[in-house]
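**Q** Sending over model.cif (mmCIF, N, CA and C atoms).
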```
data_entry
loop_
_atom_site.label_atom_id
_atom_site.label_comp_id
_atom_site.auth_asym_id
_atom_site.auth_seq_id
_atom_site.Cartn_x
_atom_site.Cartn_y
_atom_site.Cartn_z
N MET A 1 0.85 -1.16 0.00
CA MET A 1 0.00 0.00 0.00
C MET A 1 0.91 1.23 0.00
N GLY A 2 0.61 2.17 -0.85
CA GLY A 2 1.42 3.37 -0.93
C GLY A 2 0.96 4.46 0.02
N ASP A 3 1.62 5.60 -0.09
CA ASP A 3 1.30 6.72 0.79
C ASP A 3 -0.12 7.23 0.60
N VAL A 4 -0.60 7.23 -0.64
CA VAL A 4 -1.94 7.74 -0.91
C VAL A 4 -2.99 6.86 -0.24
N SER A 5 -2.87 5.57 -0.40
CA SER A 5 -3.84 4.64 0.22
C SER A 5 -3.76 4.68 1.73
N SER A 6 -2.56 4.64 2.27
CA SER A 6 -2.43 4.66 3.73
C SER A 6 -2.88 6.00 4.30
N GLY A 7 -2.61 7.07 3.58
CA GLY A 7 -3.09 8.39 4.01
C GLY A 7 -4.60 8.46 4.02
N PHE A 8 -5.23 7.90 3.00
CA PHE A 8 -6.68 7.87 2.93
C PHE A 8 -7.27 7.05 4.07
N LEU A 9 -6.70 5.86 4.31
CA LEU A 9 -7.20 5.03 5.40
C LEU A 9 -7.01 5.71 6.76
N GLY A 10 -5.89 6.38 6.94
CA GLY A 10 -5.66 7.13 8.17
C GLY A 10 -6.71 8.20 8.36
N PHE A 11 -7.04 8.91 7.29
CA PHE A 11 -8.08 9.94 7.34
C PHE A 11 -9.43 9.33 7.69
N VAL A 12 -9.78 8.21 7.06
CA VAL A 12 -11.06 7.54 7.33
C VAL A 12 -11.14 7.11 8.79
N PHE A 13 -10.07 6.50 9.31
CA PHE A 13 -10.08 6.07 10.70
C PHE A 13 -10.15 7.26 11.66
N ALA A 14 -9.48 8.35 11.32
CA ALA A 14 -9.55 9.55 12.16
C ALA A 14 -10.98 10.10 12.20
N VAL A 15 -11.63 10.17 11.04
CA VAL A 15 -13.01 10.64 10.98
C VAL A 15 -13.93 9.72 11.78
N LEU A 16 -13.78 8.40 11.62
CA LEU A 16 -14.58 7.45 12.38
C LEU A 16 -14.35 7.59 13.88
N ALA A 17 -13.10 7.75 14.26
CA ALA A 17 -12.78 7.88 15.69
C ALA A 17 -13.42 9.14 16.27
N ILE A 18 -13.31 10.24 15.57
CA ILE A 18 -13.89 11.50 16.07
C ILE A 18 -15.41 11.42 16.08
N TRP A 19 -15.99 10.86 15.01
CA TRP A 19 -17.45 10.77 14.93
C TRP A 19 -18.00 9.88 16.04
N THR A 20 -17.41 8.69 16.22
CA THR A 20 -17.92 7.78 17.25
C THR A 20 -17.69 8.35 18.65
N SER A 21 -16.61 9.08 18.84
CA SER A 21 -16.35 9.70 20.14
C SER A 21 -17.36 10.81 20.41
N ASN A 22 -17.60 11.65 19.43
CA ASN A 22 -18.55 12.76 19.60
C ASN A 22 -19.98 12.27 19.82
N ASN A 23 -20.31 11.09 19.30
CA ASN A 23 -21.65 10.56 19.44
C ASN A 23 -21.78 9.54 20.57
N GLY A 24 -20.77 9.45 21.41
CA GLY A 24 -20.82 8.57 22.58
C GLY A 24 -20.82 7.10 22.26
N ILE A 25 -20.33 6.73 21.10
CA ILE A 25 -20.33 5.32 20.68
C ILE A 25 -19.05 4.62 21.13
N LEU A 26 -17.92 5.23 20.87
CA LEU A 26 -16.62 4.63 21.19
C LEU A 26 -15.65 5.75 21.52
N GLU A 27 -14.97 5.65 22.64
CA GLU A 27 -14.04 6.70 23.06
C GLU A 27 -12.75 6.67 22.25
N LEU A 28 -12.08 7.81 22.20
CA LEU A 28 -10.82 7.92 21.47
C LEU A 28 -9.76 6.97 22.03
N GLN A 29 -9.80 6.71 23.34
CA GLN A 29 -8.84 5.78 23.94
C GLN A 29 -8.98 4.38 23.34
N VAL A 30 -10.20 3.98 23.07
CA VAL A 30 -10.44 2.66 22.47
C VAL A 30 -9.88 2.63 21.06
N TRP A 31 -10.08 3.71 20.31
CA TRP A 31 -9.51 3.80 18.96
C TRP A 31 -7.98 3.76 19.00
N ALA A 32 -7.39 4.39 20.01
CA ALA A 32 -5.92 4.37 20.14
C ALA A 32 -5.42 2.94 20.29
N VAL A 33 -6.16 2.12 21.03
CA VAL A 33 -5.77 0.72 21.19
C VAL A 33 -6.01 -0.06 19.89
N LEU A 34 -7.17 0.14 19.27
CA LEU A 34 -7.48 -0.57 18.03
C LEU A 34 -6.46 -0.26 16.93
N LEU A 35 -5.99 0.97 16.88
CA LEU A 35 -5.02 1.39 15.86
C LEU A 35 -3.60 1.40 16.39
N GLY A 36 -3.38 0.68 17.49
CA GLY A 36 -2.09 0.72 18.18
C GLY A 36 -0.90 0.36 17.33
N VAL A 37 -1.01 -0.68 16.51
CA VAL A 37 0.13 -1.09 15.68
C VAL A 37 0.54 0.07 14.77
N PHE A 38 -0.44 0.66 14.10
CA PHE A 38 -0.14 1.78 13.21
C PHE A 38 0.38 2.99 13.99
N LEU A 39 -0.30 3.35 15.06
CA LEU A 39 0.09 4.55 15.82
C LEU A 39 1.51 4.44 16.36
N ILE A 40 1.83 3.31 16.96
CA ILE A 40 3.17 3.15 17.53
C ILE A 40 4.22 3.09 16.43
N ASP A 41 3.98 2.29 15.40
CA ASP A 41 4.99 2.14 14.34
C ASP A 41 5.21 3.47 13.61
N ALA A 42 4.15 4.12 13.20
CA ALA A 42 4.30 5.37 12.45
C ALA A 42 4.94 6.46 13.30
N THR A 43 4.48 6.60 14.53
CA THR A 43 4.99 7.66 15.41
C THR A 43 6.45 7.43 15.78
N LEU A 44 6.78 6.22 16.21
CA LEU A 44 8.16 5.97 16.63
C LEU A 44 9.12 5.92 15.45
N THR A 45 8.66 5.44 14.31
CA THR A 45 9.53 5.45 13.12
C THR A 45 9.86 6.88 12.72
N MET A 46 8.84 7.74 12.69
CA MET A 46 9.09 9.13 12.32
C MET A 46 9.96 9.82 13.37
N ALA A 47 9.72 9.59 14.64
CA ALA A 47 10.52 10.21 15.69
C ALA A 47 11.98 9.75 15.60
N ARG A 48 12.19 8.45 15.37
CA ARG A 48 13.55 7.94 15.25
C ARG A 48 14.27 8.54 14.06
N ARG A 49 13.57 8.66 12.94
CA ARG A 49 14.18 9.24 11.74
C ARG A 49 14.53 10.71 11.96
N MET A 50 13.64 11.44 12.61
CA MET A 50 13.91 12.86 12.87
C MET A 50 15.08 13.01 13.84
N ALA A 51 15.13 12.18 14.88
CA ALA A 51 16.21 12.24 15.86
C ALA A 51 17.56 11.91 15.22
N ALA A 52 17.53 11.05 14.20
CA ALA A 52 18.76 10.66 13.52
C ALA A 52 19.16 11.66 12.43
N GLY A 53 18.35 12.72 12.27
CA GLY A 53 18.65 13.73 11.27
C GLY A 53 18.25 13.32 9.86
N GLU A 54 17.46 12.27 9.73
CA GLU A 54 16.99 11.83 8.42
C GLU A 54 15.79 12.66 7.99
N LYS A 55 15.57 12.72 6.71
CA LYS A 55 14.39 13.42 6.20
C LYS A 55 13.19 12.49 6.40
N TRP A 56 12.30 12.86 7.31
CA TRP A 56 11.18 12.00 7.65
C TRP A 56 10.18 11.86 6.51
N TYR A 57 10.23 12.76 5.55
CA TYR A 57 9.24 12.78 4.47
C TYR A 57 9.71 12.06 3.21
N THR A 58 10.89 11.47 3.23
CA THR A 58 11.37 10.73 2.06
C THR A 58 11.10 9.24 2.21
N ALA A 59 11.14 8.55 1.09
CA ALA A 59 10.90 7.10 1.10
C ALA A 59 11.97 6.39 1.93
N HIS A 60 11.55 5.35 2.61
CA HIS A 60 12.46 4.59 3.45
C HIS A 60 11.89 3.19 3.66
N ARG A 61 12.70 2.35 4.29
CA ARG A 61 12.25 0.99 4.61
C ARG A 61 12.59 0.70 6.07
N SER A 62 12.10 1.56 6.95
CA SER A 62 12.48 1.40 8.36
C SER A 62 11.30 1.15 9.29
N HIS A 63 10.11 0.86 8.73
CA HIS A 63 9.00 0.46 9.58
C HIS A 63 9.26 -0.96 10.10
N ALA A 64 8.62 -1.31 11.20
CA ALA A 64 8.88 -2.60 11.84
C ALA A 64 8.63 -3.78 10.90
N TYR A 65 7.53 -3.75 10.17
CA TYR A 65 7.24 -4.89 9.28
C TYR A 65 8.26 -4.97 8.15
N GLN A 66 8.76 -3.83 7.67
CA GLN A 66 9.78 -3.85 6.63
C GLN A 66 11.09 -4.43 7.17
N ARG A 67 11.42 -4.10 8.39
CA ARG A 67 12.63 -4.63 9.02
C ARG A 67 12.52 -6.15 9.17
N ALA A 68 11.33 -6.62 9.57
CA ALA A 68 11.13 -8.06 9.75
C ALA A 68 11.28 -8.81 8.42
N VAL A 69 10.71 -8.27 7.36
CA VAL A 69 10.83 -8.91 6.04
C VAL A 69 12.28 -8.87 5.57
N THR A 70 12.93 -7.73 5.75
CA THR A 70 14.33 -7.61 5.34
C THR A 70 15.21 -8.59 6.10
N ALA A 71 14.84 -8.89 7.34
CA ALA A 71 15.62 -9.82 8.16
C ALA A 71 15.40 -11.27 7.75
N GLY A 72 14.49 -11.51 6.80
CA GLY A 72 14.31 -12.86 6.29
C GLY A 72 12.97 -13.50 6.61
N HIS A 73 12.12 -12.82 7.34
CA HIS A 73 10.79 -13.37 7.61
C HIS A 73 9.91 -13.17 6.39
N SER A 74 9.07 -14.15 6.11
CA SER A 74 8.22 -14.06 4.92
C SER A 74 7.13 -13.01 5.13
N HIS A 75 6.62 -12.51 4.01
CA HIS A 75 5.51 -11.55 4.09
C HIS A 75 4.31 -12.19 4.80
N LEU A 76 4.09 -13.47 4.52
CA LEU A 76 2.97 -14.17 5.14
C LEU A 76 3.13 -14.24 6.66
N SER A 77 4.31 -14.61 7.13
CA SER A 77 4.51 -14.73 8.58
C SER A 77 4.40 -13.37 9.27
N VAL A 78 4.90 -12.32 8.63
CA VAL A 78 4.80 -10.98 9.21
C VAL A 78 3.33 -10.54 9.24
N THR A 79 2.62 -10.79 8.15
CA THR A 79 1.20 -10.43 8.09
C THR A 79 0.40 -11.18 9.14
N LEU A 80 0.63 -12.48 9.27
CA LEU A 80 -0.09 -13.27 10.27
C LEU A 80 0.24 -12.81 11.70
N THR A 81 1.47 -12.42 11.92
CA THR A 81 1.85 -11.90 13.24
C THR A 81 1.11 -10.61 13.54
N VAL A 82 1.04 -9.71 12.56
CA VAL A 82 0.32 -8.45 12.77
C VAL A 82 -1.17 -8.72 12.98
N ILE A 83 -1.73 -9.67 12.26
CA ILE A 83 -3.15 -10.03 12.46
C ILE A 83 -3.36 -10.54 13.88
N ALA A 84 -2.46 -11.38 14.36
CA ALA A 84 -2.57 -11.89 15.73
C ALA A 84 -2.49 -10.76 16.75
N ILE A 85 -1.58 -9.82 16.53
CA ILE A 85 -1.47 -8.66 17.42
C ILE A 85 -2.76 -7.85 17.36
N ASP A 86 -3.28 -7.65 16.16
CA ASP A 86 -4.52 -6.87 16.01
C ASP A 86 -5.70 -7.55 16.71
N LEU A 87 -5.76 -8.87 16.67
CA LEU A 87 -6.82 -9.59 17.38
C LEU A 87 -6.69 -9.40 18.89
N ALA A 88 -5.46 -9.39 19.37
CA ALA A 88 -5.24 -9.12 20.80
C ALA A 88 -5.66 -7.68 21.14
N LEU A 89 -5.43 -6.76 20.21
CA LEU A 89 -5.84 -5.37 20.43
C LEU A 89 -7.36 -5.24 20.45
N VAL A 90 -8.05 -6.03 19.63
CA VAL A 90 -9.52 -6.03 19.65
C VAL A 90 -9.99 -6.51 21.02
N ALA A 91 -9.36 -7.54 21.56
CA ALA A 91 -9.73 -8.04 22.89
C ALA A 91 -9.46 -6.97 23.96
N ALA A 92 -8.33 -6.28 23.83
CA ALA A 92 -8.02 -5.21 24.78
C ALA A 92 -9.04 -4.07 24.68
N ALA A 93 -9.42 -3.72 23.44
CA ALA A 93 -10.42 -2.66 23.25
C ALA A 93 -11.77 -3.08 23.81
N ALA A 94 -12.13 -4.34 23.63
CA ALA A 94 -13.40 -4.84 24.19
C ALA A 94 -13.37 -4.77 25.71
N THR A 95 -12.23 -5.08 26.29
CA THR A 95 -12.10 -4.95 27.74
C THR A 95 -12.32 -3.50 28.17
N MET A 96 -11.78 -2.57 27.41
CA MET A 96 -11.96 -1.15 27.74
C MET A 96 -13.43 -0.74 27.68
N VAL A 97 -14.16 -1.30 26.71
CA VAL A 97 -15.57 -0.97 26.55
C VAL A 97 -16.41 -1.58 27.68
N PHE A 98 -16.17 -2.84 27.98
CA PHE A 98 -17.02 -3.56 28.93
C PHE A 98 -16.56 -3.47 30.39
N VAL A 99 -15.31 -3.05 30.61
CA VAL A 99 -14.80 -2.86 31.97
C VAL A 99 -14.19 -1.45 32.03
N PRO A 100 -15.05 -0.43 32.13
CA PRO A 100 -14.57 0.95 32.09
C PRO A 100 -13.49 1.27 33.13
N SER A 101 -13.52 0.62 34.27
CA SER A 101 -12.52 0.90 35.30
C SER A 101 -11.12 0.46 34.88
N ALA A 102 -11.02 -0.38 33.85
CA ALA A 102 -9.72 -0.88 33.40
C ALA A 102 -9.15 -0.08 32.23
N ARG A 103 -9.87 0.95 31.78
CA ARG A 103 -9.44 1.68 30.57
C ARG A 103 -8.02 2.20 30.64
N GLY A 104 -7.70 2.91 31.68
CA GLY A 104 -6.35 3.49 31.79
C GLY A 104 -5.27 2.44 31.81
N TYR A 105 -5.49 1.39 32.57
CA TYR A 105 -4.52 0.31 32.66
C TYR A 105 -4.33 -0.37 31.30
N VAL A 106 -5.44 -0.70 30.66
CA VAL A 106 -5.37 -1.38 29.35
C VAL A 106 -4.69 -0.48 28.32
N LEU A 107 -5.03 0.79 28.30
CA LEU A 107 -4.42 1.73 27.36
C LEU A 107 -2.91 1.80 27.57
N ALA A 108 -2.49 2.00 28.81
CA ALA A 108 -1.06 2.15 29.10
C ALA A 108 -0.29 0.86 28.82
N THR A 109 -0.81 -0.28 29.25
CA THR A 109 -0.06 -1.52 29.05
C THR A 109 -0.04 -1.95 27.58
N THR A 110 -1.13 -1.70 26.87
CA THR A 110 -1.18 -2.09 25.46
C THR A 110 -0.23 -1.25 24.63
N LEU A 111 -0.36 0.07 24.72
CA LEU A 111 0.52 0.93 23.91
C LEU A 111 1.96 0.85 24.39
N GLY A 112 2.16 0.71 25.69
CA GLY A 112 3.52 0.54 26.21
C GLY A 112 4.15 -0.75 25.71
N GLY A 113 3.37 -1.83 25.72
CA GLY A 113 3.87 -3.11 25.22
C GLY A 113 4.21 -3.05 23.74
N LEU A 114 3.38 -2.38 22.97
CA LEU A 114 3.67 -2.22 21.54
C LEU A 114 4.95 -1.41 21.33
N ALA A 115 5.13 -0.37 22.14
CA ALA A 115 6.34 0.46 22.01
C ALA A 115 7.59 -0.35 22.35
N VAL A 116 7.52 -1.16 23.39
CA VAL A 116 8.66 -2.02 23.76
C VAL A 116 8.96 -3.02 22.64
N ALA A 117 7.92 -3.60 22.06
CA ALA A 117 8.11 -4.54 20.95
C ALA A 117 8.74 -3.84 19.75
N TRP A 118 8.30 -2.62 19.46
CA TRP A 118 8.85 -1.85 18.34
C TRP A 118 10.33 -1.59 18.57
N ILE A 119 10.68 -1.18 19.78
CA ILE A 119 12.09 -0.90 20.10
C ILE A 119 12.93 -2.17 19.94
N ALA A 120 12.41 -3.31 20.38
CA ALA A 120 13.14 -4.57 20.24
C ALA A 120 13.37 -4.92 18.77
N ILE A 121 12.37 -4.70 17.94
CA ILE A 121 12.50 -4.98 16.51
C ILE A 121 13.54 -4.06 15.88
N VAL A 122 13.49 -2.79 16.21
CA VAL A 122 14.43 -1.82 15.63
C VAL A 122 15.87 -2.14 16.03
N ARG A 123 16.05 -2.56 17.26
CA ARG A 123 17.41 -2.89 17.72
C ARG A 123 17.91 -4.20 17.12
N ARG A 124 17.01 -5.12 16.90
CA ARG A 124 17.42 -6.44 16.41
C ARG A 124 17.68 -6.45 14.90
N TRP A 125 16.83 -5.78 14.15
CA TRP A 125 16.93 -5.82 12.70
C TRP A 125 17.18 -4.43 12.13
N PRO A 126 18.29 -4.23 11.44
CA PRO A 126 18.57 -2.91 10.86
C PRO A 126 17.62 -2.61 9.70
N ALA A 127 17.44 -1.33 9.45
CA ALA A 127 16.58 -0.91 8.34
C ALA A 127 17.29 -1.17 7.03
N ALA A 128 16.51 -1.52 6.03
CA ALA A 128 17.08 -1.71 4.69
C ALA A 128 17.37 -0.35 4.09
N GLN A 129 18.49 -0.23 3.45
CA GLN A 129 18.86 1.02 2.80
C GLN A 129 18.58 0.92 1.31
N ARG A 130 17.93 1.90 0.78
CA ARG A 130 17.71 1.92 -0.66
C ARG A 130 19.03 2.30 -1.35
N PRO A 131 19.37 1.59 -2.40
CA PRO A 131 20.60 1.98 -3.11
C PRO A 131 20.40 3.33 -3.77
N ASN A 132 21.43 4.13 -3.73
CA ASN A 132 21.38 5.45 -4.35
C ASN A 132 21.61 5.26 -5.87
N PRO A 133 20.58 5.55 -6.68
CA PRO A 133 20.72 5.33 -8.12
C PRO A 133 21.73 6.25 -8.78
N ILE A 134 22.05 7.37 -8.15
CA ILE A 134 22.99 8.33 -8.73
C ILE A 134 24.43 7.89 -8.47
N ALA A 135 24.69 7.41 -7.26
CA ALA A 135 26.05 6.99 -6.89
C ALA A 135 26.30 5.57 -7.36
N ARG A 136 26.96 5.43 -8.48
CA ARG A 136 27.27 4.08 -9.02
C ARG A 136 28.72 3.86 -9.13
#
```
Output the file's structure in the form of structure tokens.

**A**
Amino acid sequence: MGDVSSGFLGFVFAVLAIWTSNNGILELQVWAVLLGVFLIDATLTMARRMAAGEKWYTAHRSHAYQRAVTAGHSHLSVTLTVIAIDLALVAAAATMVFVPSARGYVLATTLGGLAVAWIAIVRRWPAAQRPNPIAR
């Protein structure tokens, strides 16, 4: 999926999150958990790139799933792993909905756990570098 498609999906999810929150259907905290994989990966990848002095707006291969594939894991295994994580996030979000007293705990542990996993992936597998077509 390219930037246009992912940007569109991000916009759609943002609109849904705001609409459901404003109408008392689903709180923004629940959406943060449901979209946790994307939020953590996109935010920490951009922050890491900016801290390293890289241009955050240029093409790169430093997202967690790209690092996993570059390290030799198949696209299928990476996709299935993300699906499993997303199913766990659905369970966490359901807990937030049905056990309101657990919202803060679930939010903090879920997003914190995803951040720790992201850091472990980044440290274990280096980002793939695109070859510079000009420098030959």

**Q** Using all atoms listed in the file, which residue out of A:Ala92, A:Thr20, A:Ala68, A:Leu114 lies closest to Val37 of chain A?

**A**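 Ranked by minimum distance to Val37 of chain A, first place goes to A:Leu114.
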
**Q** If you measure from atom CA of Ala115 of chain A to atom N of Ile40 of chain A, what distance in Å do you get, rounded to one decimal?

**A**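 Between atom CA of Ala115 of chain A and atom N of Ile40 of chain A the gap is 7.3 Å.
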
**Q** Looking only at alpha helix (DSSP H) from DSSP on the backbone, list the matching residues of segment 35-100 of chain A as a ChimeraX atom specification.

**A** /A:36-51,64-70,75-98

**Q** Find the residues around Val78 of chain A up to 8 Å (all atoms listed in the file counted), leave out those fewer than 5 positions away in its own chain, and share them as a list in words.

**A** Tyr65, Ala68, Val69, His73, Ile83 and Ala84 of chain A

**Q** Would you compute the distance between atom C of Arg67 of chain A and atom C of Val122 of chain A? Give it in Å to one decimal.

**A** 8.6 Å

**Q** Mind checking which residues fall within 8 Å of segment 45-52 of chain A, counting all atoms listed in the file, ignoring those fewer than 6 positions away in the same chain, and posting them as number ranges by chain?

**A** A: 39, 62-64

**Q** So what does the PyMOL selection byres ((chain A and resi 33) around 8) actually pick up in this one, as an NGL selection string?

**A** :A and (28-32 or 34-37 or 86 or 88-90 or 92-93 or 106-107 or 110-111)

**Q** Could those residues be written to a file, using N, CA and C atoms, as an mmCIF file, keeping the file's coordinate frame?

**A**
```cif
data_model
loop_
_atom_site.group_PDB
_atom_site.id
_atom_site.type_symbol
_atom_site.label_atom_id
_atom_site.label_comp_id
_atom_site.auth_asym_id
_atom_site.auth_seq_id
_atom_site.Cartn_x
_atom_site.Cartn_y
_atom_site.Cartn_z
ATOM 1 N N LEU A 28 -12.080 7.810 22.200
ATOM 2 C CA LEU A 28 -10.820 7.920 21.470
ATOM 3 C C LEU A 28 -9.760 6.970 22.030
ATOM 4 N N GLN A 29 -9.800 6.710 23.340
ATOM 5 C CA GLN A 29 -8.840 5.780 23.940
ATOM 6 C C GLN A 29 -8.980 4.380 23.340
ATOM 7 N N VAL A 30 -10.200 3.980 23.070
ATOM 8 C CA VAL A 30 -10.440 2.660 22.470
ATOM 9 C C VAL A 30 -9.880 2.630 21.060
ATOM 10 N N TRP A 31 -10.080 3.710 20.310
ATOM 11 C CA TRP A 31 -9.510 3.800 18.960
ATOM 12 C C TRP A 31 -7.980 3.760 19.000
ATOM 13 N N ALA A 32 -7.390 4.390 20.010
ATOM 14 C CA ALA A 32 -5.920 4.370 20.140
ATOM 15 C C ALA A 32 -5.420 2.940 20.290
ATOM 16 N N LEU A 34 -7.170 0.140 19.270
ATOM 17 C CA LEU A 34 -7.480 -0.570 18.030
ATOM 18 C C LEU A 34 -6.460 -0.260 16.930
ATOM 19 N N LEU A 35 -5.990 0.970 16.880
ATOM 20 C CA LEU A 35 -5.020 1.390 15.860
ATOM 21 C C LEU A 35 -3.600 1.400 16.390
ATOM 22 N N GLY A 36 -3.380 0.680 17.490
ATOM 23 C CA GLY A 36 -2.090 0.720 18.180
ATOM 24 C C GLY A 36 -0.900 0.360 17.330
ATOM 25 N N VAL A 37 -1.010 -0.680 16.510
ATOM 26 C CA VAL A 37 0.130 -1.090 15.680
ATOM 27 C C VAL A 37 0.540 0.070 14.770
ATOM 28 N N ASP A 86 -3.280 -7.650 16.160
ATOM 29 C CA ASP A 86 -4.520 -6.870 16.010
ATOM 30 C C ASP A 86 -5.700 -7.550 16.710
ATOM 31 N N ALA A 88 -5.460 -9.390 19.370
ATOM 32 C CA ALA A 88 -5.240 -9.120 20.800
ATOM 33 C C ALA A 88 -5.660 -7.680 21.140
ATOM 34 N N LEU A 89 -5.430 -6.760 20.210
ATOM 35 C CA LEU A 89 -5.840 -5.370 20.430
ATOM 36 C C LEU A 89 -7.360 -5.240 20.450
ATOM 37 N N VAL A 90 -8.050 -6.030 19.630
ATOM 38 C CA VAL A 90 -9.520 -6.030 19.650
ATOM 39 C C VAL A 90 -9.990 -6.510 21.020
ATOM 40 N N ALA A 92 -8.330 -6.280 23.830
ATOM 41 C CA ALA A 92 -8.020 -5.210 24.780
ATOM 42 C C ALA A 92 -9.040 -4.070 24.680
ATOM 43 N N ALA A 93 -9.420 -3.720 23.440
ATOM 44 C CA ALA A 93 -10.420 -2.660 23.250
ATOM 45 C C ALA A 93 -11.770 -3.080 23.810
ATOM 46 N N VAL A 106 -5.440 -0.700 30.660
ATOM 47 C CA VAL A 106 -5.370 -1.380 29.350
ATOM 48 C C VAL A 106 -4.690 -0.480 28.320
ATOM 49 N N LEU A 107 -5.030 0.790 28.300
ATOM 50 C CA LEU A 107 -4.420 1.730 27.360
ATOM 51 C C LEU A 107 -2.910 1.800 27.570
ATOM 52 N N THR A 110 -1.130 -1.700 26.870
ATOM 53 C CA THR A 110 -1.180 -2.090 25.460
ATOM 54 C C THR A 110 -0.230 -1.250 24.630
ATOM 55 N N LEU A 111 -0.360 0.070 24.720
ATOM 56 C CA LEU A 111 0.520 0.930 23.910
ATOM 57 C C LEU A 111 1.960 0.850 24.390
#
```

**Q** Go through the shown structure with the PyMOL selection byres ((chain A and resi 125) around 8) and write out the matching residues as a PDB file with N, CA and C atoms, in the frame of the given file.

**A**
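Wrote it out as result-v2.pdb, contents follow:
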```pdb
ATOM      1  N   GLN A  66       8.760  -3.830   7.670  1.00  0.00           N
ATOM      2  CA  GLN A  66       9.780  -3.850   6.630  1.00  0.00           C
ATOM      3  C   GLN A  66      11.090  -4.430   7.170  1.00  0.00           C
ATOM      4  N   ARG A  67      11.420  -4.100   8.390  1.00  0.00           N
ATOM      5  CA  ARG A  67      12.630  -4.630   9.020  1.00  0.00           C
ATOM      6  C   ARG A  67      12.520  -6.150   9.170  1.00  0.00           C
ATOM      7  N   ALA A  68      11.330  -6.620   9.570  1.00  0.00           N
ATOM      8  CA  ALA A  68      11.130  -8.060   9.750  1.00  0.00           C
ATOM      9  C   ALA A  68      11.280  -8.810   8.420  1.00  0.00           C
ATOM     10  N   THR A  70      12.930  -7.730   5.750  1.00  0.00           N
ATOM     11  CA  THR A  70      14.330  -7.610   5.340  1.00  0.00           C
ATOM     12  C   THR A  70      15.210  -8.590   6.100  1.00  0.00           C
ATOM     13  N   ALA A  71      14.840  -8.890   7.340  1.00  0.00           N
ATOM     14  CA  ALA A  71      15.620  -9.820   8.160  1.00  0.00           C
ATOM     15  C   ALA A  71      15.400 -11.270   7.750  1.00  0.00           C
ATOM     16  N   ILE A 119      10.680  -1.180  19.780  1.00  0.00           N
ATOM     17  CA  ILE A 119      12.090  -0.900  20.100  1.00  0.00           C
ATOM     18  C   ILE A 119      12.930  -2.170  19.940  1.00  0.00           C
ATOM     19  N   ALA A 120      12.410  -3.310  20.380  1.00  0.00           N
ATOM     20  CA  ALA A 120      13.140  -4.570  20.240  1.00  0.00           C
ATOM     21  C   ALA A 120      13.370  -4.920  18.770  1.00  0.00           C
ATOM     22  N   ILE A 121      12.370  -4.700  17.940  1.00  0.00           N
ATOM     23  CA  ILE A 121      12.500  -4.980  16.510  1.00  0.00           C
ATOM     24  C   ILE A 121      13.540  -4.060  15.880  1.00  0.00           C
ATOM     25  N   VAL A 122      13.490  -2.790  16.210  1.00  0.00           N
ATOM     26  CA  VAL A 122      14.430  -1.820  15.630  1.00  0.00           C
ATOM     27  C   VAL A 122      15.870  -2.140  16.030  1.00  0.00           C
ATOM     28  N   ARG A 123      16.050  -2.560  17.260  1.00  0.00           N
ATOM     29  CA  ARG A 123      17.410  -2.890  17.720  1.00  0.00           C
ATOM     30  C   ARG A 123      17.910  -4.200  17.120  1.00  0.00           C
ATOM     31  N   ARG A 124      17.010  -5.120  16.900  1.00  0.00           N
ATOM     32  CA  ARG A 124      17.420  -6.440  16.410  1.00  0.00           C
ATOM     33  C   ARG A 124      17.680  -6.450  14.900  1.00  0.00           C
ATOM     34  N   PRO A 126      18.290  -4.230  11.440  1.00  0.00           N
ATOM     35  CA  PRO A 126      18.570  -2.910  10.860  1.00  0.00           C
ATOM     36  C   PRO A 126      17.620  -2.610   9.700  1.00  0.00           C
ATOM     37  N   ALA A 127      17.440  -1.330   9.450  1.00  0.00           N
ATOM     38  CA  ALA A 127      16.580  -0.910   8.340  1.00  0.00           C
ATOM     39  C   ALA A 127      17.290  -1.170   7.030  1.00  0.00           C
ATOM     40  N   ALA A 128      16.510  -1.520   6.030  1.00  0.00           N
ATOM     41  CA  ALA A 128      17.080  -1.710   4.690  1.00  0.00           C
ATOM     42  C   ALA A 128      17.370  -0.350   4.090  1.00  0.00           C
TER      43      ALA A 128
END
```

**Q** Just to confirm, what's the straight-line distance from atom CA of Phe13 of chain A to atom CA of Gly104 of chain A in Å (one decimal)?

**A**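 Interatomic distance, atom CA of Phe13 of chain A to atom CA of Gly104 of chain A: 21.6 Å.
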
**Q** Find the smallest box with edges along x, y and z containing every listed atom of segment 51-55 of chain A, then add 3 Å on each side and report centre and edge lengths in Å to one decimal, as AutoDock Vina command-line options.

**A**
```
--center_x 16.2 --center_y 12.2 --center_z 11.0 --size_x 12.0 --size_y 9.1 --size_z 15.7
```
